[in-house]
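Coordinates as given in structure_35.cif (mmCIF, C-alpha atoms):
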```
data_structure
#
loop_
_atom_site.label_atom_id
_atom_site.label_comp_id
_atom_site.auth_asym_id
_atom_site.auth_seq_id
_atom_site.Cartn_x
_atom_site.Cartn_y
_atom_site.Cartn_z
CA MET A 1 -35.43 -37.06 69.73
CA HIS A 2 -34.51 -36.22 66.13
CA PRO A 3 -33.04 -32.79 65.51
CA VAL A 4 -35.29 -30.55 63.47
CA THR A 5 -34.27 -30.51 59.80
CA THR A 6 -35.51 -28.66 56.75
CA VAL A 7 -37.77 -31.61 55.96
CA HIS A 8 -39.71 -30.99 59.18
CA TYR A 9 -40.41 -27.45 58.05
CA LEU A 10 -41.45 -28.66 54.59
CA ALA A 11 -43.91 -31.14 56.09
CA LEU A 12 -45.37 -28.44 58.33
CA SER A 13 -45.66 -26.14 55.34
CA ALA A 14 -47.45 -28.83 53.30
CA ALA A 15 -49.90 -29.43 56.15
CA LEU A 16 -50.65 -25.71 56.50
CA LEU A 17 -51.10 -25.39 52.72
CA LEU A 18 -53.53 -28.31 52.85
CA ILE A 19 -55.54 -26.72 55.67
CA GLY A 20 -55.75 -23.48 53.70
CA THR A 21 -56.78 -25.26 50.49
CA VAL A 22 -59.53 -27.20 52.24
CA GLY A 23 -60.74 -23.96 53.81
CA VAL A 24 -60.92 -22.20 50.44
CA LEU A 25 -62.72 -25.15 48.85
CA THR A 26 -65.29 -25.97 51.50
CA ARG A 27 -66.26 -22.81 53.41
CA ARG A 28 -69.17 -20.64 52.29
CA ASN A 29 -68.31 -17.46 54.19
CA ILE A 30 -66.15 -15.16 52.04
CA VAL A 31 -64.36 -13.65 55.07
CA ILE A 32 -63.12 -17.10 56.06
CA ILE A 33 -62.14 -17.90 52.47
CA LEU A 34 -59.91 -14.79 52.53
CA MET A 35 -58.42 -15.94 55.86
CA SER A 36 -57.68 -19.36 54.32
CA ILE A 37 -55.78 -17.60 51.51
CA GLU A 38 -53.64 -15.95 54.20
CA LEU A 39 -52.91 -19.43 55.60
CA ILE A 40 -51.78 -20.60 52.14
CA LEU A 41 -49.45 -17.61 51.71
CA ASN A 42 -47.97 -18.25 55.17
CA ALA A 43 -47.27 -21.86 54.20
CA VAL A 44 -45.34 -20.56 51.18
CA ASN A 45 -43.36 -18.24 53.43
CA ILE A 46 -42.42 -21.06 55.83
CA ASN A 47 -41.08 -22.95 52.82
CA LEU A 48 -39.04 -19.99 51.57
CA ILE A 49 -37.54 -19.30 54.99
CA ALA A 50 -36.71 -22.97 55.53
CA PHE A 51 -34.72 -23.12 52.29
CA SER A 52 -33.17 -19.73 52.97
CA HIS A 53 -31.89 -21.08 56.29
CA ALA A 54 -30.77 -24.42 54.85
CA LEU A 55 -28.85 -22.89 51.93
CA GLN A 56 -27.58 -19.89 53.92
CA ASN A 57 -28.94 -17.67 51.17
CA ILE A 58 -30.68 -14.40 51.97
CA ASN A 59 -32.70 -14.30 48.71
CA GLY A 60 -35.43 -16.49 50.17
CA GLN A 61 -36.15 -13.94 52.88
CA VAL A 62 -36.39 -11.15 50.29
CA PHE A 63 -38.90 -13.24 48.36
CA ALA A 64 -40.87 -13.77 51.56
CA ILE A 65 -41.09 -9.98 51.91
CA PHE A 66 -42.57 -9.75 48.40
CA VAL A 67 -45.06 -12.51 49.25
CA ILE A 68 -46.13 -10.55 52.34
CA THR A 69 -46.56 -7.42 50.17
CA ASP A 70 -48.84 -9.39 47.86
CA ALA A 71 -50.81 -10.72 50.82
CA VAL A 72 -51.41 -7.19 52.07
CA ALA A 73 -52.59 -5.97 48.67
CA GLU A 74 -54.82 -9.02 48.23
CA ALA A 75 -56.41 -8.63 51.67
CA ALA A 76 -57.11 -4.92 51.16
CA VAL A 77 -58.70 -5.37 47.73
CA GLY A 78 -60.56 -8.53 48.75
CA LEU A 79 -62.12 -6.89 51.80
CA GLY A 80 -63.03 -3.83 49.69
CA ILE A 81 -64.83 -6.11 47.24
CA LEU A 82 -66.54 -7.83 50.17
CA ILE A 83 -67.88 -4.51 51.49
CA ALA A 84 -69.15 -3.54 48.03
CA LEU A 85 -70.76 -6.98 47.66
CA PHE A 86 -72.49 -6.78 51.03
CA ARG A 87 -73.84 -3.31 50.20
CA ASN A 88 -75.35 -4.54 46.92
CA LYS A 89 -76.48 -8.09 47.70
CA GLU A 90 -76.76 -8.30 51.51
CA THR A 91 -74.89 -11.61 51.61
CA VAL A 92 -71.38 -12.85 52.44
CA LEU A 93 -71.93 -16.44 51.31
CA ALA A 94 -69.92 -17.31 48.23
CA ASP A 95 -72.48 -19.65 46.66
CA GLN A 96 -75.26 -17.06 46.78
CA VAL A 97 -73.31 -14.80 44.43
CA ASP A 98 -74.36 -16.54 41.24
CA ILE A 99 -75.60 -13.84 38.86
CA LEU A 100 -73.11 -14.92 36.20
CA LYS A 101 -74.26 -18.56 36.41
CA TRP A 102 -76.97 -19.94 34.17
CA MET B 1 -30.27 -27.97 70.34
CA LEU B 2 -32.92 -29.71 72.42
CA ILE B 3 -34.64 -26.44 73.25
CA ASP B 4 -34.82 -25.70 69.49
CA THR B 5 -36.55 -29.01 68.87
CA ILE B 6 -39.05 -28.45 71.66
CA LEU B 7 -39.76 -24.90 70.47
CA PHE B 8 -40.26 -26.14 66.91
CA TYR B 9 -42.91 -28.61 68.00
CA VAL B 10 -44.62 -26.03 70.22
CA PHE B 11 -44.82 -23.54 67.34
CA ALA B 12 -45.86 -26.26 64.87
CA VAL B 13 -48.77 -27.23 67.13
CA LEU B 14 -49.74 -23.55 67.44
CA VAL B 15 -49.67 -23.12 63.65
CA LEU B 16 -51.66 -26.25 62.81
CA ALA B 17 -54.19 -25.96 65.64
CA GLY B 18 -54.78 -22.30 64.79
CA GLY B 19 -55.21 -23.17 61.12
CA ILE B 20 -57.68 -25.97 61.76
CA LEU B 21 -59.72 -23.81 64.15
CA THR B 22 -59.71 -21.00 61.56
CA ILE B 23 -61.45 -23.10 58.93
CA THR B 24 -63.87 -24.88 61.27
CA ARG B 25 -65.29 -22.19 63.59
CA ARG B 26 -68.80 -20.90 62.95
CA SER B 27 -68.19 -17.35 64.15
CA ALA B 28 -65.90 -15.26 61.94
CA VAL B 29 -64.47 -13.46 64.98
CA HIS B 30 -63.39 -16.79 66.49
CA SER B 31 -61.80 -17.68 63.15
CA ALA B 32 -59.88 -14.41 63.13
CA ILE B 33 -58.58 -14.97 66.67
CA SER B 34 -57.47 -18.51 65.72
CA LEU B 35 -55.74 -17.12 62.65
CA ILE B 36 -53.82 -14.69 64.89
CA VAL B 37 -52.62 -17.67 66.98
CA SER B 38 -51.53 -19.43 63.80
CA LEU B 39 -49.66 -16.36 62.51
CA LEU B 40 -47.91 -15.99 65.88
CA GLY B 41 -46.70 -19.58 65.52
CA VAL B 42 -45.36 -18.81 62.05
CA ALA B 43 -43.55 -15.77 63.49
CA GLY B 44 -41.95 -18.03 66.09
CA LEU B 45 -40.77 -20.36 63.33
CA TYR B 46 -39.13 -17.40 61.57
CA LEU B 47 -37.28 -16.58 64.77
CA LEU B 48 -36.09 -20.19 65.09
CA GLN B 49 -34.60 -19.94 61.60
CA LYS B 50 -32.74 -16.71 62.29
CA ALA B 51 -35.00 -14.51 60.16
CA GLU B 52 -35.41 -11.77 62.75
CA PHE B 53 -36.49 -9.07 60.32
CA LEU B 54 -39.30 -11.23 58.94
CA PHE B 55 -40.32 -12.06 62.51
CA ALA B 56 -40.87 -8.35 63.17
CA VAL B 57 -42.60 -7.86 59.82
CA GLN B 58 -44.90 -10.79 60.56
CA ILE B 59 -45.94 -9.37 63.93
CA VAL B 60 -46.30 -5.75 62.83
CA LEU B 61 -47.79 -6.25 59.37
CA TYR B 62 -49.81 -9.46 59.61
CA ILE B 63 -51.08 -9.38 63.16
CA GLY B 64 -51.06 -5.61 63.59
CA GLY B 65 -52.22 -4.71 60.11
CA ILE B 66 -54.05 -7.39 58.18
CA MET B 67 -55.83 -9.00 61.12
CA VAL B 68 -57.04 -5.65 62.44
CA LEU B 69 -58.36 -4.95 58.93
CA PHE B 70 -60.14 -8.32 58.97
CA LEU B 71 -61.68 -7.64 62.38
CA PHE B 72 -62.81 -4.18 61.23
CA VAL B 73 -64.57 -5.66 58.21
CA ILE B 74 -66.14 -8.42 60.33
CA MET B 75 -67.60 -5.74 62.59
CA LEU B 76 -68.63 -3.59 59.61
CA VAL B 77 -70.40 -6.35 57.70
CA ASN B 78 -73.33 -7.95 59.47
CA LEU B 79 -72.37 -11.62 59.81
CA ASP B 80 -75.14 -12.72 62.20
CA GLN B 81 -77.32 -14.01 59.39
CA ALA B 82 -74.42 -15.93 57.80
CA ALA B 83 -73.48 -17.52 61.15
CA LYS B 84 -76.93 -19.11 61.40
CA GLU B 85 -76.70 -20.81 58.01
CA ARG B 86 -74.90 -23.91 56.82
CA GLN B 87 -71.14 -23.23 57.06
CA PHE B 88 -69.79 -25.69 54.49
CA ASN B 89 -70.74 -26.07 50.84
CA LYS B 90 -70.98 -29.35 48.98
CA GLN B 91 -67.37 -29.34 47.76
CA TRP B 92 -66.11 -31.72 50.47
CA LEU B 93 -65.19 -34.29 47.79
CA VAL B 94 -62.78 -31.82 46.20
CA GLY B 95 -61.36 -31.02 49.62
CA LEU B 96 -60.91 -34.71 50.31
CA ALA B 97 -59.15 -35.11 46.94
CA ALA B 98 -56.73 -32.29 47.83
CA ALA B 99 -56.02 -33.91 51.20
CA GLY B 100 -55.47 -37.28 49.53
CA LEU B 101 -53.06 -35.72 47.03
CA VAL B 102 -50.89 -34.20 49.75
CA GLY B 103 -51.03 -37.45 51.72
CA LEU B 104 -49.94 -39.34 48.61
CA GLN B 105 -47.00 -36.99 48.09
CA ILE B 106 -45.80 -37.36 51.67
CA GLY B 107 -46.28 -41.14 51.49
CA TRP B 108 -44.31 -41.29 48.24
CA PHE B 109 -41.36 -39.45 49.74
CA VAL B 110 -41.44 -41.59 52.88
CA ILE B 111 -41.39 -44.76 50.73
CA LYS B 112 -38.46 -43.47 48.66
CA GLY B 113 -36.55 -43.15 51.89
CA LYS B 114 -33.60 -41.10 52.86
CA ALA B 115 -32.44 -40.15 49.35
CA ALA B 116 -35.61 -38.17 48.72
CA PHE B 117 -34.84 -35.93 51.68
CA ALA B 118 -31.28 -35.09 50.63
CA ILE B 119 -31.43 -31.32 50.30
CA ALA B 120 -28.55 -29.44 48.67
CA THR B 121 -25.93 -28.12 51.03
CA PRO B 122 -24.93 -24.45 50.89
CA SER B 123 -22.58 -23.88 47.97
CA MET B 124 -20.93 -20.84 49.49
CA PRO B 125 -20.06 -20.21 53.10
CA GLY B 126 -22.67 -18.34 55.11
CA ALA B 127 -23.10 -14.61 54.87
CA SER B 128 -20.37 -12.45 56.28
CA ALA B 129 -20.29 -12.57 60.03
CA GLY B 130 -20.93 -9.43 62.02
CA GLU B 131 -23.72 -8.26 59.72
CA GLY B 132 -27.20 -8.43 61.11
CA ASN B 133 -30.13 -10.05 59.37
CA THR B 134 -31.76 -6.70 58.57
CA GLU B 135 -28.56 -5.31 57.00
CA GLN B 136 -28.20 -8.38 54.81
CA ILE B 137 -31.80 -8.12 53.58
CA ALA B 138 -31.42 -4.41 52.91
CA GLN B 139 -28.19 -5.00 50.95
CA VAL B 140 -29.89 -7.47 48.63
CA LEU B 141 -33.26 -5.72 48.48
CA PHE B 142 -31.86 -2.35 47.44
CA SER B 143 -29.32 -3.61 44.93
CA GLU B 144 -30.28 -6.89 43.28
CA TYR B 145 -34.05 -6.59 43.79
CA LEU B 146 -34.43 -2.84 43.29
CA LEU B 147 -36.79 -3.10 40.30
CA PRO B 148 -39.14 -5.67 41.93
CA PHE B 149 -39.11 -3.46 45.02
CA GLU B 150 -40.31 -0.46 43.02
CA ILE B 151 -42.91 -2.58 41.23
CA ALA B 152 -44.17 -3.74 44.63
CA SER B 153 -44.68 -0.09 45.58
CA ILE B 154 -46.78 0.43 42.44
CA LEU B 155 -48.76 -2.70 43.32
CA LEU B 156 -49.49 -1.29 46.76
CA LEU B 157 -50.55 2.04 45.25
CA VAL B 158 -52.97 0.25 42.91
CA ALA B 159 -54.32 -1.79 45.85
CA VAL B 160 -54.88 1.36 47.93
CA VAL B 161 -56.74 3.15 45.12
CA GLY B 162 -58.68 0.00 44.21
CA SER B 163 -59.86 -0.79 47.73
CA VAL B 164 -60.95 2.83 48.31
CA ILE B 165 -62.96 2.81 45.07
CA MET B 166 -64.50 -0.57 45.92
CA ALA B 167 -65.58 0.44 49.41
CA LYS B 168 -66.81 3.92 48.49
CA LYS B 169 -70.56 4.44 48.18
CA ARG B 170 -70.47 6.87 45.27
CA ILE B 171 -67.39 7.71 43.22
#
```
Here is the file; what I need is its structure written in the form of structure tokens.
Amino acid sequence: MHPVTTVHYLALSAALLLIGTVGVLTRRNIVIILMSIELILNAVNINLIAFSHALQNINGQVFAIFVITDAVAEAAVGLGILIALFRNKETVLADQVDILKW
Amino acid sequence: MLIDTILFYVFAVLVLAGGILTITRRSAVHSAISLIVSLLGVAGLYLLQKAEFLFAVQIVLYIGGIMVLFLFVIMLVNLDQAAKERQFNKQWLVGLAAAGLVGLQIGWFVIKGKAAFAIATPSMPGASAGEGNTEQIAQVLFSEYLLPFEIASILLLVAVVGSVIMAKKRI
């Protein structure tokens, strides 16, 4: 059995990023789109931690903390928008919110 | 060493299976539970790579904070109607293109062989022994990254005010 290297972590991170991207692109439910964004940000974090471990450099972990901060802010604001949207339009499906389309 | 390899594959399966279930389940609550499984797997990967502080942050903040927020909103917003409708839009071609792109990248690196996977070795010896992971992060965070740290606090303040204003009925 091969020992686990940084490349293994990078491949895992790419796969998770792909899952998140497909979720954002193809789902209609806004709650699940927001969850897919969390998956994407976690893939980024796996990458940062893998390089931080490989290069023995702590800066990657500090960056991961900032990414987590952004994820928290994004989730809070996104869910606030979702509640406002549901109050006004009674829908959580992304393709039914098309007032700006013509 | 062997136990590390086994644990890596266990956590990798948790992460990927949780992620796939998250984007395929019909019920949003099931998606949220699958996402928690996936985040737990990511936390395990942090622990494998000696990032103990981030492991704790992942558990406390992501699973204890963000996912509870998600579950609250799922309960608050009536999703029964949405669960009965079609779950996927017609963008599957774009999704397929994204999947093909990542597959192409991985294939390209596999074809190029071992040289493509040569990752730089650490230029300086590892951090001073005897210092814990949390101390090291704090040292860097409060000296080199002090300004980004303060800006992050402003970002969080803006997010707090913004989400309250968004969710309030009348301002």
Checklist entry - Would you list which chain B residues are within 6 Å of chain A using all atoms listed in the file, as a ChimeraX atom specification? => result /B:5,23,87-89,91-92,95,122,126,156,159,163,166-167
Dump of C-alpha atoms for the selected residues, as an mmCIF file, in the coordinates of the input:
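The result, stored in selection27.cif:
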```cif
data_model
loop_
_atom_site.group_PDB
_atom_site.id
_atom_site.type_symbol
_atom_site.label_atom_id
_atom_site.label_comp_id
_atom_site.auth_asym_id
_atom_site.auth_seq_id
_atom_site.Cartn_x
_atom_site.Cartn_y
_atom_site.Cartn_z
ATOM 1 C CA THR B 5 -36.550 -29.010 68.870
ATOM 2 C CA ILE B 23 -61.450 -23.100 58.930
ATOM 3 C CA GLN B 87 -71.140 -23.230 57.060
ATOM 4 C CA PHE B 88 -69.790 -25.690 54.490
ATOM 5 C CA ASN B 89 -70.740 -26.070 50.840
ATOM 6 C CA GLN B 91 -67.370 -29.340 47.760
ATOM 7 C CA TRP B 92 -66.110 -31.720 50.470
ATOM 8 C CA GLY B 95 -61.360 -31.020 49.620
ATOM 9 C CA PRO B 122 -24.930 -24.450 50.890
ATOM 10 C CA GLY B 126 -22.670 -18.340 55.110
ATOM 11 C CA LEU B 156 -49.490 -1.290 46.760
ATOM 12 C CA ALA B 159 -54.320 -1.790 45.850
ATOM 13 C CA SER B 163 -59.860 -0.790 47.730
ATOM 14 C CA MET B 166 -64.500 -0.570 45.920
ATOM 15 C CA ALA B 167 -65.580 0.440 49.410
#
```
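Taking CA of Ile37 in chain A and CA of Tyr62 in chain B as the two end points, the separation is 12.9 Å.
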Next on the checklist: Between CA of Arg86 in chain B and CA of Leu16 in chain B, what is the distance in Å, rounded to a tenth?
Outcome noted: 24.1 Å
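Between CA of Ile63 in chain B and CA of Gly44 in chain B the interatomic distance comes to 12.9 Å.
Picked by the PyMOL selection byres ((chain B and resi 6) around 12) from the coordinates shown: Met1, His2, Pro3 and Val4 of chain A; Met1, Leu2, Ile3, Asp4, Thr5, Leu7, Phe8, Tyr9, Val10, Phe11, Ala12, Val13, Leu45 and Leu48 of chain B.
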Next on the checklist: When you look at Ile36 in chain B with a cut-off of 10 Å (counting all atoms listed in the file), what residues show up, excluding the ones that are within fewer than 4 positions of it in the same chain? I need them as a PyMOL selection string.
Outcome noted: chain B and resi 15+18-19+22+30-32+40-42+59+62-64+66-68
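Between Glu85 in chain B and the residues B:Leu147, B:Ser27, B:Ala51, B:Gln139, the shortest atom-to-atom distance, using only C-alpha atoms, involves B:Ser27.
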